[in-house]
>>> print(open('run-v9.cif').read())   # mmCIF, C-alpha atoms
data_work
#
loop_
_atom_site.group_PDB
_atom_site.id
_atom_site.type_symbol
_atom_site.label_atom_id
_atom_site.label_comp_id
_atom_site.auth_asym_id
_atom_site.auth_seq_id
_atom_site.Cartn_x
_atom_site.Cartn_y
_atom_site.Cartn_z
ATOM 1 C CA MET D 156 0.000 0.000 0.000
ATOM 2 C CA VAL D 157 1.287 3.446 -0.936
ATOM 3 C CA SER D 158 0.329 6.514 1.026
ATOM 4 C CA ALA D 159 0.837 10.092 -0.136
ATOM 5 C CA GLN D 160 0.295 13.311 1.705
ATOM 6 C CA PHE D 161 -0.115 16.633 -0.056
ATOM 7 C CA VAL D 162 0.267 19.993 1.586
ATOM 8 C CA GLY D 163 -1.297 22.957 -0.124
ATOM 9 C CA VAL D 164 -0.014 26.497 -0.343
ATOM 10 C CA ASN D 165 -1.083 28.910 2.410
ATOM 11 C CA ALA D 166 -4.009 31.050 1.372
ATOM 12 C CA TRP D 167 -3.414 34.440 2.989
ATOM 13 C CA VAL D 168 -6.304 36.863 3.374
ATOM 14 C CA ALA D 169 -6.170 40.450 4.624
ATOM 15 C CA GLN D 170 -9.300 41.191 6.642
ATOM 16 C CA LEU D 171 -10.045 44.901 6.951
ATOM 17 C CA GLY D 172 -12.638 46.229 9.384
ATOM 18 C CA TYR D 173 -13.706 49.848 8.855
ATOM 19 C CA ASN D 174 -16.529 52.365 9.196
ATOM 20 C CA GLN D 175 -18.123 53.187 5.872
ATOM 21 C CA ASP D 176 -17.509 56.748 4.719
ATOM 22 C CA TRP D 177 -19.332 57.917 1.616
ATOM 23 C CA LYS D 178 -18.809 61.678 2.194
ATOM 24 C CA THR D 179 -15.012 61.981 2.336
ATOM 25 C CA PRO D 180 -13.201 61.950 -1.023
ATOM 26 C CA ASP D 181 -10.672 59.089 -1.236
ATOM 27 C CA SER D 182 -12.108 57.291 1.820
ATOM 28 C CA LEU D 183 -11.475 53.548 2.042
ATOM 29 C CA SER D 184 -15.139 52.893 1.166
ATOM 30 C CA GLN D 185 -14.739 54.803 -2.091
ATOM 31 C CA LYS D 186 -11.250 53.461 -2.883
ATOM 32 C CA LEU D 187 -12.459 49.865 -2.587
ATOM 33 C CA ILE D 188 -14.970 50.548 -5.371
ATOM 34 C CA GLU D 189 -12.486 52.520 -7.478
ATOM 35 C CA TRP D 190 -9.778 49.831 -7.155
ATOM 36 C CA HIS D 191 -12.100 46.791 -7.435
ATOM 37 C CA GLY D 192 -10.352 44.055 -9.420
ATOM 38 C CA GLN D 193 -6.891 45.654 -9.181
ATOM 39 C CA VAL D 194 -3.893 44.352 -7.265
ATOM 40 C CA LYS D 195 -2.519 46.921 -4.811
ATOM 41 C CA THR D 196 0.372 46.872 -2.332
ATOM 42 C CA PHE D 197 -0.598 47.344 1.327
ATOM 43 C CA THR D 198 1.452 47.814 4.474
ATOM 44 C CA TYR D 199 0.003 46.828 7.845
ATOM 45 C CA THR D 200 1.628 48.417 10.887
ATOM 46 C CA PRO D 201 0.186 47.214 14.200
ATOM 47 C CA ASP D 202 -0.428 49.810 16.923
ATOM 48 C CA ASP D 203 1.484 47.727 19.472
ATOM 49 C CA GLY D 204 4.772 48.066 17.572
ATOM 50 C CA GLY D 205 4.764 44.483 16.305
ATOM 51 C CA GLN D 206 6.143 43.333 12.978
ATOM 52 C CA VAL D 207 5.093 45.243 9.886
ATOM 53 C CA ALA D 208 3.517 43.199 7.080
ATOM 54 C CA THR D 209 3.680 44.238 3.414
ATOM 55 C CA PHE D 210 1.631 42.377 0.823
ATOM 56 C CA ASP D 211 -0.046 42.582 -2.575
ATOM 57 C CA ALA D 212 -3.788 41.925 -2.484
ATOM 58 C CA LEU D 213 -6.650 41.770 -4.952
ATOM 59 C CA VAL D 214 -9.001 44.621 -4.054
ATOM 60 C CA LEU D 215 -12.695 43.783 -3.781
ATOM 61 C CA ALA D 216 -15.527 46.269 -3.331
ATOM 62 C CA GLY D 217 -16.686 46.484 0.253
ATOM 63 C CA GLN D 218 -20.078 46.490 1.888
ATOM 64 C CA PHE D 219 -22.583 49.251 1.213
ATOM 65 C CA GLY D 220 -25.185 50.143 3.829
ATOM 66 C CA GLY D 221 -26.194 48.730 7.180
ATOM 67 C CA PRO D 222 -28.694 49.232 10.007
ATOM 68 C CA ALA D 223 -30.662 52.473 10.201
ATOM 69 C CA ALA D 224 -29.473 55.207 12.596
ATOM 70 C CA ALA D 225 -26.110 53.525 13.188
ATOM 71 C CA ILE D 226 -22.528 53.858 12.052
ATOM 72 C CA HIS D 227 -22.233 51.452 9.159
ATOM 73 C CA SER D 228 -19.256 49.299 9.982
ATOM 74 C CA ALA D 229 -18.045 46.780 7.436
ATOM 75 C CA THR D 230 -15.451 44.091 6.865
ATOM 76 C CA VAL D 231 -13.817 43.187 3.569
ATOM 77 C CA ASN D 232 -11.557 40.187 2.917
ATOM 78 C CA LEU D 233 -8.846 40.780 0.320
ATOM 79 C CA PRO D 234 -7.065 37.733 -1.154
ATOM 80 C CA VAL D 235 -3.291 38.154 -0.791
ATOM 81 C CA ASN D 236 -1.050 37.258 -3.733
ATOM 82 C CA GLY D 237 1.685 35.016 -2.417
ATOM 83 C CA GLN D 238 2.843 35.575 1.137
ATOM 84 C CA PRO D 239 3.288 38.794 3.114
ATOM 85 C CA THR D 240 6.775 39.920 4.014
ATOM 86 C CA PHE D 241 7.351 40.696 7.677
ATOM 87 C CA ALA D 242 9.862 43.190 9.066
ATOM 88 C CA ALA D 243 10.664 44.852 12.352
ATOM 89 C CA PRO D 244 8.974 48.227 12.813
ATOM 90 C CA VAL D 245 10.975 51.299 11.886
ATOM 91 C CA GLY D 246 12.887 52.429 14.935
ATOM 92 C CA GLY D 247 12.206 49.084 16.633
#
>>> encode(input="run-v9.cif", output="C-alpha coordinates")
Amino acid sequence: MVSAQFVGVNAWVAQLGYNQDWKTPDSLSQKLIEWHGQVKTFTYTPDDGGQVATFDALVLAGQFGGPAAAIHSATVNLPVNGQPTFAAPVGG
(Lines of atoms letter the chains of each structure in order from A and count residues from 1; the text may use other names and numbers.)
(Lines give C-alpha, C1' and ligand atoms only; values in the text may rest on other atoms or scores of the structure.)
Protein backbone atom coordinates (compact mmCIF):
# COMPACT_ATOMS: atom_id res chain seq x y z
CA MET A 1 0.00 0.00 0.00
CA VAL A 2 1.29 3.45 -0.94
CA SER A 3 0.33 6.51 1.03
CA ALA A 4 0.84 10.09 -0.14
CA GLN A 5 0.29 13.31 1.70
CA PHE A 6 -0.12 16.63 -0.06
CA VAL A 7 0.27 19.99 1.59
CA GLY A 8 -1.30 22.96 -0.12
CA VAL A 9 -0.01 26.50 -0.34
CA ASN A 10 -1.08 28.91 2.41
CA ALA A 11 -4.01 31.05 1.37
CA TRP A 12 -3.41 34.44 2.99
CA VAL A 13 -6.30 36.86 3.37
CA ALA A 14 -6.17 40.45 4.62
CA GLN A 15 -9.30 41.19 6.64
CA LEU A 16 -10.04 44.90 6.95
CA GLY A 17 -12.64 46.23 9.38
CA TYR A 18 -13.71 49.85 8.85
CA ASN A 19 -16.53 52.36 9.20
CA GLN A 20 -18.12 53.19 5.87
CA ASP A 21 -17.51 56.75 4.72
CA TRP A 22 -19.33 57.92 1.62
CA LYS A 23 -18.81 61.68 2.19
CA THR A 24 -15.01 61.98 2.34
CA PRO A 25 -13.20 61.95 -1.02
CA ASP A 26 -10.67 59.09 -1.24
CA SER A 27 -12.11 57.29 1.82
CA LEU A 28 -11.48 53.55 2.04
CA SER A 29 -15.14 52.89 1.17
CA GLN A 30 -14.74 54.80 -2.09
CA LYS A 31 -11.25 53.46 -2.88
CA LEU A 32 -12.46 49.87 -2.59
CA ILE A 33 -14.97 50.55 -5.37
CA GLU A 34 -12.49 52.52 -7.48
CA TRP A 35 -9.78 49.83 -7.15
CA HIS A 36 -12.10 46.79 -7.43
CA GLY A 37 -10.35 44.05 -9.42
CA GLN A 38 -6.89 45.65 -9.18
CA VAL A 39 -3.89 44.35 -7.27
CA LYS A 40 -2.52 46.92 -4.81
CA THR A 41 0.37 46.87 -2.33
CA PHE A 42 -0.60 47.34 1.33
CA THR A 43 1.45 47.81 4.47
CA TYR A 44 0.00 46.83 7.85
CA THR A 45 1.63 48.42 10.89
CA PRO A 46 0.19 47.21 14.20
CA ASP A 47 -0.43 49.81 16.92
CA ASP A 48 1.48 47.73 19.47
CA GLY A 49 4.77 48.07 17.57
CA GLY A 50 4.76 44.48 16.31
CA GLN A 51 6.14 43.33 12.98
CA VAL A 52 5.09 45.24 9.89
CA ALA A 53 3.52 43.20 7.08
CA THR A 54 3.68 44.24 3.41
CA PHE A 55 1.63 42.38 0.82
CA ASP A 56 -0.05 42.58 -2.58
CA ALA A 57 -3.79 41.93 -2.48
CA LEU A 58 -6.65 41.77 -4.95
CA VAL A 59 -9.00 44.62 -4.05
CA LEU A 60 -12.69 43.78 -3.78
CA ALA A 61 -15.53 46.27 -3.33
CA GLY A 62 -16.69 46.48 0.25
CA GLN A 63 -20.08 46.49 1.89
CA PHE A 64 -22.58 49.25 1.21
CA GLY A 65 -25.18 50.14 3.83
CA GLY A 66 -26.19 48.73 7.18
CA PRO A 67 -28.69 49.23 10.01
CA ALA A 68 -30.66 52.47 10.20
CA ALA A 69 -29.47 55.21 12.60
CA ALA A 70 -26.11 53.53 13.19
CA ILE A 71 -22.53 53.86 12.05
CA HIS A 72 -22.23 51.45 9.16
CA SER A 73 -19.26 49.30 9.98
CA ALA A 74 -18.04 46.78 7.44
CA THR A 75 -15.45 44.09 6.87
CA VAL A 76 -13.82 43.19 3.57
CA ASN A 77 -11.56 40.19 2.92
CA LEU A 78 -8.85 40.78 0.32
CA PRO A 79 -7.07 37.73 -1.15
CA VAL A 80 -3.29 38.15 -0.79
CA ASN A 81 -1.05 37.26 -3.73
CA GLY A 82 1.69 35.02 -2.42
CA GLN A 83 2.84 35.58 1.14
CA PRO A 84 3.29 38.79 3.11
CA THR A 85 6.78 39.92 4.01
CA PHE A 86 7.35 40.70 7.68
CA ALA A 87 9.86 43.19 9.07
CA ALA A 88 10.66 44.85 12.35
CA PRO A 89 8.97 48.23 12.81
CA VAL A 90 10.98 51.30 11.89
CA GLY A 91 12.89 52.43 14.93
CA GLY A 92 12.21 49.08 16.63
>>> closest_residue(input="run-v9.cif", among="D:Val168, D:Phe197, D:Thr240, D:Ser184", to="Gly220 in chain D", atoms="all atoms listed in the file")
D:Ser184
>>> closest_residue(input="run-v9.cif", among="D:Gln218, D:Gln193, D:Thr209, D:Asn236", to="Tyr173 in chain D", atoms="all atoms listed in the file")
D:Gln218
>>> resolve_selection(input="run-v9.cif", expression="the PyMOL selection byres ((chain D and resi 242) around 8)", output="PyMOL selection string")
chain D and resi 206-208+240-241+243-244
>>> atom_distance(input="run-v9.cif", atom1="CA of Val214 in chain D", atom2="CA of Pro234 in chain D")
7.7 Å
>>> atom_distance(input="run-v9.cif", atom1="CA of Pro201 in chain D", atom2="CA of Gly172 in chain D")
13.7 Å
>>> closest_residue(input="run-v9.cif", among="D:Trp167, D:Gly192, D:Leu183, D:Lys178", to="Ala229 in chain D", atoms="all atoms listed in the file")
D:Leu183
>>> resolve_selection(input="run-v9.cif", expression="the PyMOL selection byres ((chain D and resi 231) around 7)", output="JSON, numbers by chain")
{"D": [170, 171, 172, 217, 229, 230, 232, 233]}
>>> atom_distance(input="run-v9.cif", atom1="CA of Pro239 in chain D", atom2="CA of Lys186 in chain D")
21.5 Å
>>> closest_residue(input="run-v9.cif", among="D:Pro180, D:Ala225, D:Glu189, D:Phe210", to="Gly237 in chain D", atoms="only C-alpha atoms")
D:Phe210
